[in-house]
>>> print(open('input.csv').read())   # CSV, C-alpha atoms
chain,number,residue,atom,x,y,z
A,1,MET,CA,14.3,-30.7,-9.2
A,2,SER,CA,16.9,-30.0,-6.6
A,3,ARG,CA,19.1,-33.0,-5.7
A,4,LYS,CA,18.6,-32.1,-2.1
A,5,THR,CA,15.0,-33.2,-2.5
A,6,GLU,CA,16.2,-36.8,-2.1
A,7,SER,CA,17.2,-36.2,1.5
A,8,VAL,CA,13.7,-35.1,2.6
A,9,ASN,CA,11.7,-37.4,4.8
A,10,ARG,CA,8.9,-37.9,2.3
A,11,GLN,CA,6.2,-39.5,4.4
A,12,GLY,CA,4.0,-36.7,5.8
A,13,SER,CA,5.7,-33.9,4.0
A,14,ILE,CA,4.2,-30.4,3.5
A,15,LEU,CA,3.8,-29.4,-0.1
A,16,LEU,CA,3.3,-25.8,-1.4
A,17,PHE,CA,1.7,-25.5,-4.8
A,18,GLN,CA,2.5,-22.3,-6.9
A,19,ARG,CA,2.0,-21.4,-10.5
A,20,GLU,CA,5.6,-20.4,-10.8
A,21,ALA,CA,8.6,-19.8,-8.5
A,22,SER,CA,9.1,-16.1,-9.0
A,23,ALA,CA,12.4,-14.4,-8.1
A,24,TYR,CA,10.9,-12.2,-5.4
A,25,ARG,CA,9.5,-15.3,-3.7
A,26,LEU,CA,12.6,-17.4,-3.6
A,27,PRO,CA,13.7,-16.3,-0.1
A,28,LEU,CA,10.3,-17.2,1.3
A,29,TYR,CA,10.4,-20.7,-0.3
A,30,GLU,CA,13.8,-21.3,1.1
A,31,GLN,CA,12.9,-20.2,4.5
A,32,LEU,CA,9.7,-22.3,4.5
A,33,PHE,CA,11.8,-25.4,3.9
A,34,ARG,CA,14.5,-24.5,6.4
A,35,SER,CA,12.0,-23.8,9.2
A,36,LEU,CA,9.1,-26.1,8.3
A,37,GLU,CA,10.4,-28.4,5.6
A,38,VAL,CA,7.8,-27.1,3.1
A,39,ILE,CA,8.6,-28.2,-0.4
A,40,THR,CA,7.7,-25.8,-3.2
A,41,CYS,CA,6.0,-27.3,-6.3
A,42,HIS,CA,6.0,-25.0,-9.3
A,43,SER,CA,5.9,-24.9,-13.1
A,44,ARG,CA,7.4,-23.0,-16.0
A,45,GLU,CA,5.5,-19.8,-16.8
A,46,ARG,CA,3.4,-19.4,-19.9
A,47,ALA,CA,5.2,-17.9,-22.9
A,48,GLY,CA,5.2,-14.1,-22.7
A,49,ALA,CA,4.2,-13.9,-19.0
A,50,SER,CA,5.7,-11.1,-17.0
A,51,LEU,CA,6.4,-13.3,-14.0
A,52,LYS,CA,9.1,-15.8,-14.8
A,53,ASP,CA,9.7,-19.2,-13.1
A,54,VAL,CA,13.2,-19.2,-11.7
A,55,GLY,CA,12.8,-22.2,-9.5
A,56,GLU,CA,16.1,-23.7,-10.7
A,57,LYS,CA,17.8,-21.0,-8.5
A,58,LEU,CA,16.4,-22.5,-5.3
A,59,THR,CA,19.0,-24.0,-3.0
A,60,THR,CA,16.4,-26.0,-1.1
A,61,PRO,CA,14.3,-28.9,-2.3
A,62,HIS,CA,11.6,-28.2,-4.8
A,63,GLU,CA,9.6,-29.9,-7.6
A,64,ARG,CA,8.9,-28.6,-11.1
A,65,LEU,CA,5.5,-29.9,-12.3
A,66,SER,CA,4.3,-30.4,-15.9
A,67,ARG,CA,1.4,-28.1,-16.6
A,68,PHE,CA,-1.3,-27.1,-19.2
A,69,TYR,CA,-2.4,-23.6,-19.8
A,70,PHE,CA,-5.8,-22.7,-21.2
A,71,GLY,CA,-7.6,-19.6,-22.2
A,72,LYS,CA,-5.8,-16.3,-22.6
A,73,ASN,CA,-5.1,-15.5,-19.0
A,74,PRO,CA,-1.5,-16.4,-18.0
A,75,THR,CA,-2.8,-17.6,-14.6
A,76,ASN,CA,-5.2,-20.2,-16.0
A,77,LEU,CA,-3.6,-23.6,-15.7
A,78,VAL,CA,-3.7,-27.0,-14.2
A,79,GLN,CA,-0.6,-28.9,-13.0
A,80,ASN,CA,0.2,-32.6,-12.8
A,81,VAL,CA,0.1,-33.1,-9.1
A,82,LEU,CA,-0.2,-36.8,-8.9
A,83,PRO,CA,3.5,-37.7,-9.1
A,84,VAL,CA,4.4,-35.5,-6.2
A,85,LEU,CA,1.4,-36.7,-4.1
A,86,LEU,CA,2.4,-40.3,-4.6
A,87,LYS,CA,6.1,-39.5,-4.0
A,88,TYR,CA,5.7,-37.5,-0.7
A,89,ARG,CA,2.3,-38.6,0.6
A,90,PRO,CA,1.9,-35.2,2.2
A,91,SER,CA,0.1,-34.5,5.5
A,92,ILE,CA,-0.6,-30.9,4.5
A,93,VAL,CA,-0.8,-29.1,1.2
A,94,ILE,CA,-0.8,-25.3,0.8
A,95,THR,CA,-2.2,-24.0,-2.4
A,96,GLN,CA,-2.9,-20.7,-4.2
A,97,VAL,CA,-6.6,-20.1,-4.5
A,98,GLU,CA,-7.9,-18.5,-7.7
A,99,THR,CA,-11.0,-19.6,-9.5
A,100,LEU,CA,-9.2,-20.8,-12.6
A,101,TYR,CA,-6.1,-22.1,-11.0
A,102,MET,CA,-7.3,-25.6,-11.6
A,103,THR,CA,-4.6,-27.2,-9.6
A,104,HIS,CA,-6.5,-26.2,-6.4
A,105,TRP,CA,-9.6,-28.0,-7.7
A,106,LEU,CA,-7.6,-31.1,-8.5
A,107,LEU,CA,-6.0,-31.1,-5.1
A,108,ARG,CA,-9.4,-30.8,-3.5
A,109,LEU,CA,-10.7,-33.7,-5.6
A,110,LEU,CA,-7.8,-35.9,-4.5
A,111,GLN,CA,-7.9,-34.9,-0.8
A,112,PRO,CA,-10.2,-37.8,0.3
A,113,VAL,CA,-7.8,-40.2,-1.4
A,114,PHE,CA,-4.6,-39.0,0.2
A,115,GLY,CA,-6.1,-37.6,3.4
A,116,TYR,CA,-4.0,-34.4,3.6
A,117,ARG,CA,-5.2,-31.2,5.2
A,118,MET,CA,-5.5,-28.1,2.9
A,119,ILE,CA,-4.5,-24.6,3.6
A,120,ALA,CA,-5.7,-21.9,1.1
A,121,TRP,CA,-3.2,-19.1,0.4
A,122,SER,CA,-5.0,-16.1,-1.1
A,123,HIS,CA,-5.6,-12.4,-1.2
A,124,GLY,CA,-8.8,-13.3,0.6
A,125,VAL,CA,-10.8,-10.6,-1.1
A,126,ILE,CA,-10.0,-9.6,-4.7
A,127,ASN,CA,-8.5,-6.1,-4.9
A,128,SER,CA,-11.4,-4.8,-7.1
A,129,GLU,CA,-14.0,-6.1,-4.6
A,130,MET,CA,-12.8,-4.5,-1.4
A,131,HIS,CA,-15.9,-2.2,-1.3
A,132,HIS,CA,-18.2,-5.2,-1.9
A,133,PRO,CA,-16.5,-8.4,-0.9
A,134,PHE,CA,-17.6,-11.8,-2.2
A,135,VAL,CA,-20.0,-10.6,-4.9
A,136,PRO,CA,-22.0,-13.1,-6.8
A,137,GLY,CA,-20.1,-15.2,-9.2
A,138,ASN,CA,-16.3,-15.4,-8.6
A,139,GLY,CA,-16.6,-14.0,-5.1
A,140,LYS,CA,-19.1,-16.6,-4.0
A,141,VAL,CA,-17.0,-19.4,-5.4
A,142,ARG,CA,-14.0,-18.2,-3.4
A,143,LEU,CA,-16.1,-18.0,-0.3
A,144,TRP,CA,-17.3,-21.6,-0.8
A,145,ILE,CA,-13.6,-22.6,-1.2
A,146,PHE,CA,-12.7,-20.9,2.1
A,147,ARG,CA,-15.5,-22.8,3.9
A,148,HIS,CA,-14.1,-26.1,2.7
A,149,VAL,CA,-10.5,-26.0,3.6
A,150,HIS,CA,-8.7,-26.5,7.0
A,151,ALA,CA,-7.1,-23.0,7.2
A,152,ILE,CA,-6.7,-19.8,5.2
A,153,LEU,CA,-3.7,-17.6,4.8
A,154,VAL,CA,-4.2,-13.9,3.7
A,155,TYR,CA,-1.8,-11.0,3.3
A,156,SER,CA,-3.1,-8.4,5.8
A,157,ASP,CA,-5.2,-8.1,8.9
A,158,ALA,CA,-7.8,-6.0,7.0
A,159,ARG,CA,-8.3,-8.9,4.6
A,160,LYS,CA,-8.4,-11.4,7.5
A,161,LYS,CA,-11.2,-9.4,9.1
A,162,LEU,CA,-13.2,-9.3,5.9
A,163,VAL,CA,-12.9,-13.0,5.3
A,164,GLU,CA,-13.8,-13.8,8.9
A,165,LYS,CA,-16.8,-11.5,8.7
A,166,HIS,CA,-18.2,-13.6,5.8
A,167,LEU,CA,-17.5,-17.0,7.2
A,168,PRO,CA,-19.9,-18.8,9.5
A,169,PRO,CA,-19.0,-18.7,13.3
A,170,ALA,CA,-16.4,-21.3,14.3
A,171,ASN,CA,-15.6,-22.0,10.6
A,172,THR,CA,-12.2,-22.1,8.9
A,173,PRO,CA,-9.5,-20.3,10.9
A,174,VAL,CA,-7.8,-17.4,9.1
A,175,PHE,CA,-4.2,-16.3,9.5
A,176,THR,CA,-2.2,-13.3,8.3
A,177,ALA,CA,1.1,-13.8,6.5
A,178,TRP,CA,2.0,-10.2,5.9
A,179,ASN,CA,3.1,-9.9,2.3
A,180,SER,CA,6.7,-8.9,2.0
A,181,THR,CA,9.9,-9.4,0.1
A,182,ASP,CA,13.3,-10.2,1.7
A,183,THR,CA,14.2,-6.8,3.2
A,184,ASN,CA,17.4,-7.8,4.8
A,185,ASP,CA,19.5,-7.1,1.7
A,186,LEU,CA,17.6,-3.8,1.3
A,187,PHE,CA,18.4,-2.7,4.8
A,188,SER,CA,22.1,-3.6,4.4
A,189,TYR,CA,22.4,-1.6,1.2
A,190,ARG,CA,20.5,1.3,2.6
A,191,ASP,CA,22.9,1.5,5.6
A,192,SER,CA,25.8,1.6,3.2
A,193,LEU,CA,24.2,4.5,1.2
A,194,ARG,CA,23.6,6.4,4.4
A,195,LYS,CA,27.4,6.5,4.9
A,196,GLU,CA,27.8,7.8,1.4
A,197,GLY,CA,25.2,10.5,1.9
A,198,VAL,CA,22.2,11.6,-0.1
A,199,ALA,CA,24.0,14.4,-1.9
A,200,ARG,CA,26.8,12.1,-3.2
A,201,VAL,CA,24.3,9.3,-4.2
A,202,ARG,CA,22.3,11.9,-6.2
A,203,GLU,CA,25.4,13.2,-7.9
A,204,ARG,CA,26.5,9.6,-8.7
A,205,ILE,CA,23.2,8.7,-10.4
A,206,GLY,CA,22.7,12.0,-12.1
A,207,TYR,CA,20.0,13.7,-10.1
A,208,THR,CA,20.4,17.4,-10.5
A,209,ASN,CA,17.1,18.8,-9.2
A,210,LYS,CA,16.5,19.9,-5.6
A,211,TYR,CA,13.5,17.7,-5.2
A,212,ASN,CA,13.0,14.3,-6.8
A,213,LEU,CA,9.8,12.2,-7.2
A,214,LEU,CA,10.0,8.5,-8.0
A,215,PHE,CA,7.6,6.1,-9.7
A,216,ILE,CA,9.0,2.6,-9.8
A,217,SER,CA,6.8,-0.3,-11.2
A,218,ARG,CA,5.8,-2.1,-14.3
A,219,LEU,CA,4.3,0.5,-16.7
A,220,ASP,CA,0.8,-1.0,-16.6
A,221,ARG,CA,-2.3,1.2,-17.2
A,222,ARG,CA,-3.6,0.2,-13.8
A,223,LYS,CA,-0.7,2.0,-12.1
A,224,ARG,CA,-2.2,5.3,-13.5
A,225,LEU,CA,1.1,6.9,-14.6
A,226,ASP,CA,-1.2,9.2,-16.7
A,227,ILE,CA,-2.6,10.7,-13.5
A,228,LEU,CA,0.9,11.2,-12.1
A,229,VAL,CA,2.2,13.0,-15.2
A,230,GLU,CA,-0.8,15.3,-15.1
A,231,ALA,CA,-0.2,15.9,-11.4
A,232,PHE,CA,3.5,16.5,-12.1
A,233,ASP,CA,2.6,19.3,-14.6
A,234,LYS,CA,0.7,21.0,-11.8
A,235,VAL,CA,3.6,20.5,-9.4
A,236,LEU,CA,5.9,22.2,-11.9
A,237,GLU,CA,3.5,25.2,-11.9
A,238,SER,CA,4.3,25.7,-8.2
A,239,GLY,CA,7.8,26.9,-9.2
A,240,LEU,CA,9.6,24.1,-7.3
A,241,ASP,CA,12.9,22.7,-8.7
A,242,VAL,CA,11.6,19.1,-9.0
A,243,ALA,CA,12.0,16.1,-11.3
A,244,LEU,CA,9.9,13.0,-11.8
A,245,HIS,CA,11.9,9.8,-12.3
A,246,VAL,CA,10.1,6.8,-13.8
A,247,ILE,CA,11.7,3.4,-13.5
A,248,GLY,CA,10.1,0.4,-15.3
A,249,ASP,CA,8.9,-0.9,-18.6
A,250,GLY,CA,5.7,-2.1,-20.1
A,251,GLU,CA,2.7,-1.2,-22.2
A,252,MET,CA,2.9,2.5,-21.2
A,253,MET,CA,6.5,3.0,-22.3
A,254,PRO,CA,5.8,4.5,-25.8
A,255,TRP,CA,3.4,7.0,-24.2
A,256,LEU,CA,5.9,7.8,-21.4
A,257,LEU,CA,8.7,8.5,-23.9
A,258,GLU,CA,6.4,10.8,-25.8
A,259,GLN,CA,5.6,12.7,-22.6
A,260,ALA,CA,9.2,12.8,-21.5
A,261,GLY,CA,10.1,14.4,-24.8
A,262,LYS,CA,7.9,17.3,-24.0
A,263,ARG,CA,9.2,17.8,-20.4
A,264,LYS,CA,12.8,18.2,-19.5
A,265,ALA,CA,12.1,17.3,-15.8
A,266,LEU,CA,10.4,14.0,-16.6
A,267,LEU,CA,13.0,11.3,-16.9
A,268,ALA,CA,12.3,7.8,-18.2
A,269,HIS,CA,15.0,5.5,-16.9
A,270,GLY,CA,13.5,2.3,-18.3
A,271,ARG,CA,13.8,-1.1,-16.5
A,272,ILE,CA,16.4,-1.3,-13.8
A,273,GLU,CA,17.3,-4.6,-12.2
A,274,GLY,CA,19.0,-5.4,-8.9
A,275,THR,CA,18.8,-4.2,-5.3
A,276,GLN,CA,21.6,-1.7,-5.6
A,277,ALA,CA,20.5,0.0,-8.8
A,278,LYS,CA,16.9,0.4,-7.6
A,279,GLY,CA,18.1,1.2,-4.1
A,280,ASP,CA,20.1,4.2,-5.3
A,281,HIS,CA,17.0,5.8,-6.8
A,282,LEU,CA,14.8,5.0,-3.7
A,283,PHE,CA,17.4,6.5,-1.4
A,284,ALA,CA,17.9,9.6,-3.5
A,285,ALA,CA,14.2,10.3,-3.9
A,286,ASP,CA,12.1,12.5,-1.6
A,287,LEU,CA,8.8,10.7,-2.3
A,288,SER,CA,7.6,7.6,-4.1
A,289,VAL,CA,4.3,8.3,-5.9
A,290,MET,CA,2.0,5.6,-7.2
A,291,PRO,CA,-1.5,6.9,-8.1
A,292,GLY,CA,-2.8,3.5,-9.1
A,293,ASP,CA,-2.7,0.0,-7.7
A,294,VAL,CA,-0.3,-0.3,-4.9
A,295,GLY,CA,1.7,-3.5,-4.4
A,296,LEU,CA,5.0,-4.6,-3.0
A,297,SER,CA,6.8,-1.5,-4.3
A,298,ILE,CA,5.7,0.2,-1.0
A,299,VAL,CA,7.9,-2.3,0.9
A,300,ASP,CA,10.9,-1.3,-1.2
A,301,SER,CA,10.2,2.4,-0.7
A,302,PHE,CA,9.8,2.1,3.1
A,303,SER,CA,13.0,-0.1,3.3
A,304,PHE,CA,15.0,2.9,2.0
A,305,GLY,CA,13.1,5.4,4.2
A,306,THR,CA,11.1,6.9,1.3
A,307,PRO,CA,7.5,8.1,2.1
A,308,PHE,CA,4.8,6.8,-0.2
A,309,ILE,CA,1.8,8.6,-1.8
A,310,THR,CA,-1.1,7.1,-3.6
A,311,LEU,CA,-4.8,7.9,-4.3
A,312,ALA,CA,-7.6,6.6,-2.2
A,313,ARG,CA,-9.3,3.3,-3.1
A,314,THR,CA,-12.7,3.7,-4.7
A,315,PRO,CA,-15.2,1.2,-6.3
A,316,ASP,CA,-13.9,2.3,-9.7
A,317,GLY,CA,-10.2,2.1,-8.8
A,318,PRO,CA,-7.4,2.3,-7.9
A,319,PHE,CA,-7.6,-1.4,-6.7
A,320,HIS,CA,-4.8,-1.5,-4.2
A,321,GLY,CA,-3.3,-4.7,-3.0
A,322,PRO,CA,-3.1,-5.7,0.7
A,323,GLU,CA,0.3,-4.0,1.0
A,324,LEU,CA,-1.5,-0.7,1.3
A,325,ASP,CA,-2.1,-1.6,4.9
A,326,TYR,CA,1.5,-0.7,5.6
A,327,LEU,CA,0.7,2.9,4.8
A,328,ARG,CA,-0.3,5.1,7.7
A,329,PRO,CA,-1.5,8.4,6.3
A,330,GLY,CA,0.2,11.4,7.9
A,331,LYS,CA,2.9,9.1,9.4
A,332,ASN,CA,4.8,7.4,6.6
A,333,GLY,CA,3.0,8.7,3.6
A,334,SER,CA,-0.3,9.9,2.3
A,335,ILE,CA,-3.5,8.6,0.8
A,336,VAL,CA,-5.1,11.3,-1.3
A,337,ASP,CA,-8.8,11.7,-2.0
A,338,GLY,CA,-9.4,12.9,-5.5
A,339,GLY,CA,-7.3,13.0,-8.7
A,340,ALA,CA,-4.4,14.8,-10.3
A,341,SER,CA,-5.1,18.2,-8.8
A,342,GLU,CA,-5.4,16.9,-5.2
A,343,LEU,CA,-2.3,14.7,-5.7
A,344,ALA,CA,-0.2,17.6,-6.9
A,345,GLU,CA,-1.3,19.7,-4.0
A,346,GLU,CA,-0.3,17.1,-1.5
A,347,ILE,CA,3.1,16.6,-3.2
A,348,VAL,CA,3.8,20.3,-3.1
A,349,ASP,CA,2.8,20.7,0.5
A,350,LEU,CA,5.1,17.8,1.6
A,351,LEU,CA,8.1,19.0,-0.4
A,352,LYS,CA,7.7,22.5,1.1
A,353,ALA,CA,7.4,21.0,4.7
A,354,GLU,CA,10.8,19.5,5.0
A,355,PRO,CA,10.6,18.8,8.7
A,356,THR,CA,7.4,16.8,8.1
A,357,LEU,CA,9.0,15.0,5.2
A,358,LYS,CA,12.0,14.0,7.3
A,359,GLN,CA,9.8,12.6,10.0
A,360,MET,CA,7.8,10.7,7.5
A,361,SER,CA,11.1,9.2,6.2
A,362,LEU,CA,12.0,8.0,9.7
A,363,GLU,CA,8.5,6.5,10.1
A,364,ALA,CA,8.7,4.8,6.7
A,365,GLU,CA,12.0,3.2,7.7
A,366,ARG,CA,10.5,2.1,11.1
A,367,THR,CA,7.5,0.5,9.3
A,368,ALA,CA,9.9,-1.5,7.2
A,369,ARG,CA,12.1,-2.5,10.1
A,370,GLU,CA,9.2,-3.6,12.3
A,371,GLY,CA,6.7,-4.9,9.9
A,372,CYS,CA,8.2,-5.9,6.5
A,373,SER,CA,10.1,-9.1,6.5
A,374,ILE,CA,10.1,-12.7,5.5
A,375,GLU,CA,10.4,-13.6,9.2
A,376,ARG,CA,7.1,-11.8,9.9
A,377,MET,CA,5.5,-13.5,6.9
A,378,MET,CA,6.7,-16.8,8.2
A,379,GLU,CA,4.7,-16.3,11.4
A,380,GLY,CA,1.5,-16.7,9.5
A,381,PHE,CA,2.6,-19.9,7.8
A,382,GLU,CA,3.8,-21.4,11.1
A,383,ALA,CA,0.5,-20.6,12.8
A,384,ALA,CA,-1.7,-22.0,10.0
A,385,ILE,CA,0.4,-25.2,9.8
A,386,LYS,CA,0.2,-25.6,13.5
A,387,SER,CA,-3.6,-25.2,13.5
A,388,VAL,CA,-4.1,-28.1,11.1
A,389,GLY,CA,-1.4,-30.3,12.5
A,390,PRO,CA,-1.8,-32.8,15.3
A,391,GLY,CA,-3.9,-31.3,18.0
A,392,GLY,CA,-4.9,-28.4,15.8
A,393,LYS,CA,-8.2,-27.4,14.3
A,394,THR,CA,-9.0,-29.9,11.5
A,395,GLN,CA,-12.5,-29.0,10.5
A,396,TYR,CA,-13.2,-29.9,6.8
A,397,ALA,CA,-16.7,-29.8,5.4
>>> encode(input="input.csv", output="structure tokens")
Amino acid sequence: MSRKTESVNRQGSILLFQREASAYRLPLYEQLFRSLEVITCHSRERAGASLKDVGEKLTTPHERLSRFYFGKNPTNLVQNVLPVLLKYRPSIVITQVETLYMTHWLLRLLQPVFGYRMIAWSHGVINSEMHHPFVPGNGKVRLWIFRHVHAILVYSDARKKLVEKHLPPANTPVFTAWNSTDTNDLFSYRDSLRKEGVARVRERIGYTNKYNLLFISRLDRRKRLDILVEAFDKVLESGLDVALHVIGDGEMMPWLLEQAGKRKALLAHGRIEGTQAKGDHLFAADLSVMPGDVGLSIVDSFSFGTPFITLARTPDGPFHGPELDYLRPGKNGSIVDGGASELAEEIVDLLKAEPTLKQMSLEAERTAREGCSIERMMEGFEAAIKSVGPGGKTQYA
């Protein structure tokens, strides 16, 4: 717990409940406190989880809760919320909503006792259910939850519309907190790279090919690196002087190293940490390519002016996150219907059309500048909190 917590006006506080305080979320948690005095409550991650709790790095008030994990899924847990509820007597709680995030259920059970208003923070619709939202089972449970809170926060306007479509008229209000990382540091470093120039950056980090493709993500099967390597083979057949750079680590690494051993132009860089190290590659690349599930990596790409390519969402995958809504096909990137062959064709066409690629780069940067920021994300939180505060909509069934 931060010592600064002691200076908070406890009565009527706003508490935010999270499984863990991940590094990429710290700027949001700090801004939530500075602007709205929201105190983040979090727990240590389960052993072996990919997302680590680094809440001790927060410079604003926060609370670390004891917790109990169950089952095999690293997201299945319940946290001990009673001490912080007694300590702060919150007027509003904001909580993640997942069926087996049992903290939400405990907060709901205790709501009549403490009288706080509840805001659900969620994807709204699970990524794999975008074609058929709120299917029986887990989907119906989430829809029931949404009908019984005071406000809902989702990550994109598309998700907002889907949730509103399935709620009764005049039911829970839904707000968009556009999902983003803190892009200010990215913009600052990109501006410094621009002074250095693409050619010098490429030389400094060892890029020797005329064209460079970049895949940057955890090496999970759902990212479909296998499709990208297959597509890359077809791109090489076009005769272009092109390399594929893969940054990340994970379950696909042994397979990737085997494939890289067979292809001189396929380079496995491993895991790279830090804004500057990743930024060098993003700035030097012509295209970011992610055939599988798209997430926040698209924000990083656009922040460095790198157009983004992925495959179209289908009922069988890929199951893109709400961040896909930043992509405007033909403007700042491409969404390709089909598989490896169609992906390769699009890559080759874009690399050969340098004026088009340059314009896409400008649009990608504009998208990040105008739409990807903690400040824009905060607008959704502010609107949701205002709606359930004094004079706001306070329906609770």
>>> atom_distance(input="input.csv", atom1="CA of Asn184 (chain A)", atom2="CA of Thr367 (chain A)")
13.7 Å
>>> residues_around(input="input.csv", residues="Phe283 (chain A)", least_positions_apart="2", cutoff="9 Å", atoms="only C-alpha atoms", output="PyMOL selection string")
chain A and resi 190+193-194+198+201-202+278-281+285-286+301+304-306
>>> atom_distance(input="input.csv", atom1="CA of Leu65 (chain A)", atom2="CA of Ser43 (chain A)")
5.1 Å
>>> residues_around(input="input.csv", residues="region 248-261 of chain A", least_positions_apart="5", cutoff="7 Å", atoms="all atoms listed in the file", output="ChimeraX atom specification")
/A:216-221,266-268,270-272
>>> closest_residue(input="input.csv", among="A:Arg224, A:Arg204, A:Lys160, A:Lys234", to="Glu345 (chain A)", atoms="all atoms listed in the file")
A:Lys234
>>> residues_near_point(input="input.csv", point="(10.5, -2.9, -2.9)", cutoff="12 Å", atoms="all atoms listed in the file", output="MDAnalysis selection string")
chainID A and resid 24 179:187 215:217 273:279 281:283 288 294:306 308 323 368 372:373
>>> write_last_selection(input="input.csv", atoms="C-alpha atoms", output="PDB file, keeping the file's coordinate frame")
ATOM      1  CA  TYR A  24      10.900 -12.200  -5.400  1.00  0.00           C
ATOM      2  CA  ASN A 179       3.100  -9.900   2.300  1.00  0.00           C
ATOM      3  CA  SER A 180       6.700  -8.900   2.000  1.00  0.00           C
ATOM      4  CA  THR A 181       9.900  -9.400   0.100  1.00  0.00           C
ATOM      5  CA  ASP A 182      13.300 -10.200   1.700  1.00  0.00           C
ATOM      6  CA  THR A 183      14.200  -6.800   3.200  1.00  0.00           C
ATOM      7  CA  ASN A 184      17.400  -7.800   4.800  1.00  0.00           C
ATOM      8  CA  ASP A 185      19.500  -7.100   1.700  1.00  0.00           C
ATOM      9  CA  LEU A 186      17.600  -3.800   1.300  1.00  0.00           C
ATOM     10  CA  PHE A 187      18.400  -2.700   4.800  1.00  0.00           C
ATOM     11  CA  PHE A 215       7.600   6.100  -9.700  1.00  0.00           C
ATOM     12  CA  ILE A 216       9.000   2.600  -9.800  1.00  0.00           C
ATOM     13  CA  SER A 217       6.800  -0.300 -11.200  1.00  0.00           C
ATOM     14  CA  GLU A 273      17.300  -4.600 -12.200  1.00  0.00           C
ATOM     15  CA  GLY A 274      19.000  -5.400  -8.900  1.00  0.00           C
ATOM     16  CA  THR A 275      18.800  -4.200  -5.300  1.00  0.00           C
ATOM     17  CA  GLN A 276      21.600  -1.700  -5.600  1.00  0.00           C
ATOM     18  CA  ALA A 277      20.500   0.000  -8.800  1.00  0.00           C
ATOM     19  CA  LYS A 278      16.900   0.400  -7.600  1.00  0.00           C
ATOM     20  CA  GLY A 279      18.100   1.200  -4.100  1.00  0.00           C
ATOM     21  CA  HIS A 281      17.000   5.800  -6.800  1.00  0.00           C
ATOM     22  CA  LEU A 282      14.800   5.000  -3.700  1.00  0.00           C
ATOM     23  CA  PHE A 283      17.400   6.500  -1.400  1.00  0.00           C
ATOM     24  CA  SER A 288       7.600   7.600  -4.100  1.00  0.00           C
ATOM     25  CA  VAL A 294      -0.300  -0.300  -4.900  1.00  0.00           C
ATOM     26  CA  GLY A 295       1.700  -3.500  -4.400  1.00  0.00           C
ATOM     27  CA  LEU A 296       5.000  -4.600  -3.000  1.00  0.00           C
ATOM     28  CA  SER A 297       6.800  -1.500  -4.300  1.00  0.00           C
ATOM     29  CA  ILE A 298       5.700   0.200  -1.000  1.00  0.00           C
ATOM     30  CA  VAL A 299       7.900  -2.300   0.900  1.00  0.00           C
ATOM     31  CA  ASP A 300      10.900  -1.300  -1.200  1.00  0.00           C
ATOM     32  CA  SER A 301      10.200   2.400  -0.700  1.00  0.00           C
ATOM     33  CA  PHE A 302       9.800   2.100   3.100  1.00  0.00           C
ATOM     34  CA  SER A 303      13.000  -0.100   3.300  1.00  0.00           C
ATOM     35  CA  PHE A 304      15.000   2.900   2.000  1.00  0.00           C
ATOM     36  CA  GLY A 305      13.100   5.400   4.200  1.00  0.00           C
ATOM     37  CA  THR A 306      11.100   6.900   1.300  1.00  0.00           C
ATOM     38  CA  PHE A 308       4.800   6.800  -0.200  1.00  0.00           C
ATOM     39  CA  GLU A 323       0.300  -4.000   1.000  1.00  0.00           C
ATOM     40  CA  ALA A 368       9.900  -1.500   7.200  1.00  0.00           C
ATOM     41  CA  CYS A 372       8.200  -5.900   6.500  1.00  0.00           C
ATOM     42  CA  SER A 373      10.100  -9.100   6.500  1.00  0.00           C
TER      43      SER A 373
END
>>> atom_distance(input="input.csv", atom1="CA of Val348 (chain A)", atom2="CA of Thr314 (chain A)")
23.5 Å
>>> closest_atom_pairs(input="input.csv", of="region 75-168 of chain A", to="region 13-19 of chain A", cutoff="9 Å", atoms="all atoms listed in the file", output="tab-separated table")
residue	atom	partner	partner_atom	distance
A:Thr75	CA	A:Arg19	CA	7.4
A:Leu77	CA	A:Arg19	CA	8.0
A:Val78	CA	A:Arg19	CA	8.8
A:Gln79	CA	A:Arg19	CA	8.3
A:Val81	CA	A:Phe17	CA	8.9
A:Val84	CA	A:Leu15	CA	8.6
A:Leu85	CA	A:Leu15	CA	8.7
A:Tyr88	CA	A:Ser13	CA	5.9
A:Arg89	CA	A:Ser13	CA	6.7
A:Pro90	CA	A:Ser13	CA	4.4
A:Ser91	CA	A:Ser13	CA	5.8
A:Ile92	CA	A:Ile14	CA	4.9
A:Val93	CA	A:Leu15	CA	4.8
A:Ile94	CA	A:Leu16	CA	4.7
A:Thr95	CA	A:Phe17	CA	4.8
A:Gln96	CA	A:Gln18	CA	6.2
A:Tyr101	CA	A:Arg19	CA	8.1
A:Thr103	CA	A:Phe17	CA	8.1
A:His104	CA	A:Phe17	CA	8.4
>>> residues_around(input="input.csv", residues="Arg263 (chain A)", least_positions_apart="6", cutoff="10 Å", atoms="all atoms listed in the file", output="PyMOL selection string")
chain A and resi 229+233+243-244+257
>>> residues_near_point(input="input.csv", point="(-16.2, -6.5, -4.7)", cutoff="12 Å", atoms="all atoms listed in the file", output="ChimeraX atom specification")
/A:124-140,142,162,314-317,319
>>> residues_around(input="input.csv", residues="Ala384 (chain A)", least_positions_apart="6", cutoff="10 Å", atoms="all atoms listed in the file", output="ChimeraX atom specification")
/A:94,119-120,150-153,173-177,392-393
>>> residues_around(input="input.csv", residues="Ala340 (chain A)", least_positions_apart="3", cutoff="7 Å", atoms="all atoms listed in the file", output="list in words")
Ile227, Leu228, Glu230, Ala231, Leu343 and Ala344 of chain A
>>> closest_residue(input="input.csv", among="A:Pro291, A:Asp53, A:Arg147, A:Ser66", to="Pro169 (chain A)", atoms="all atoms listed in the file")
A:Arg147
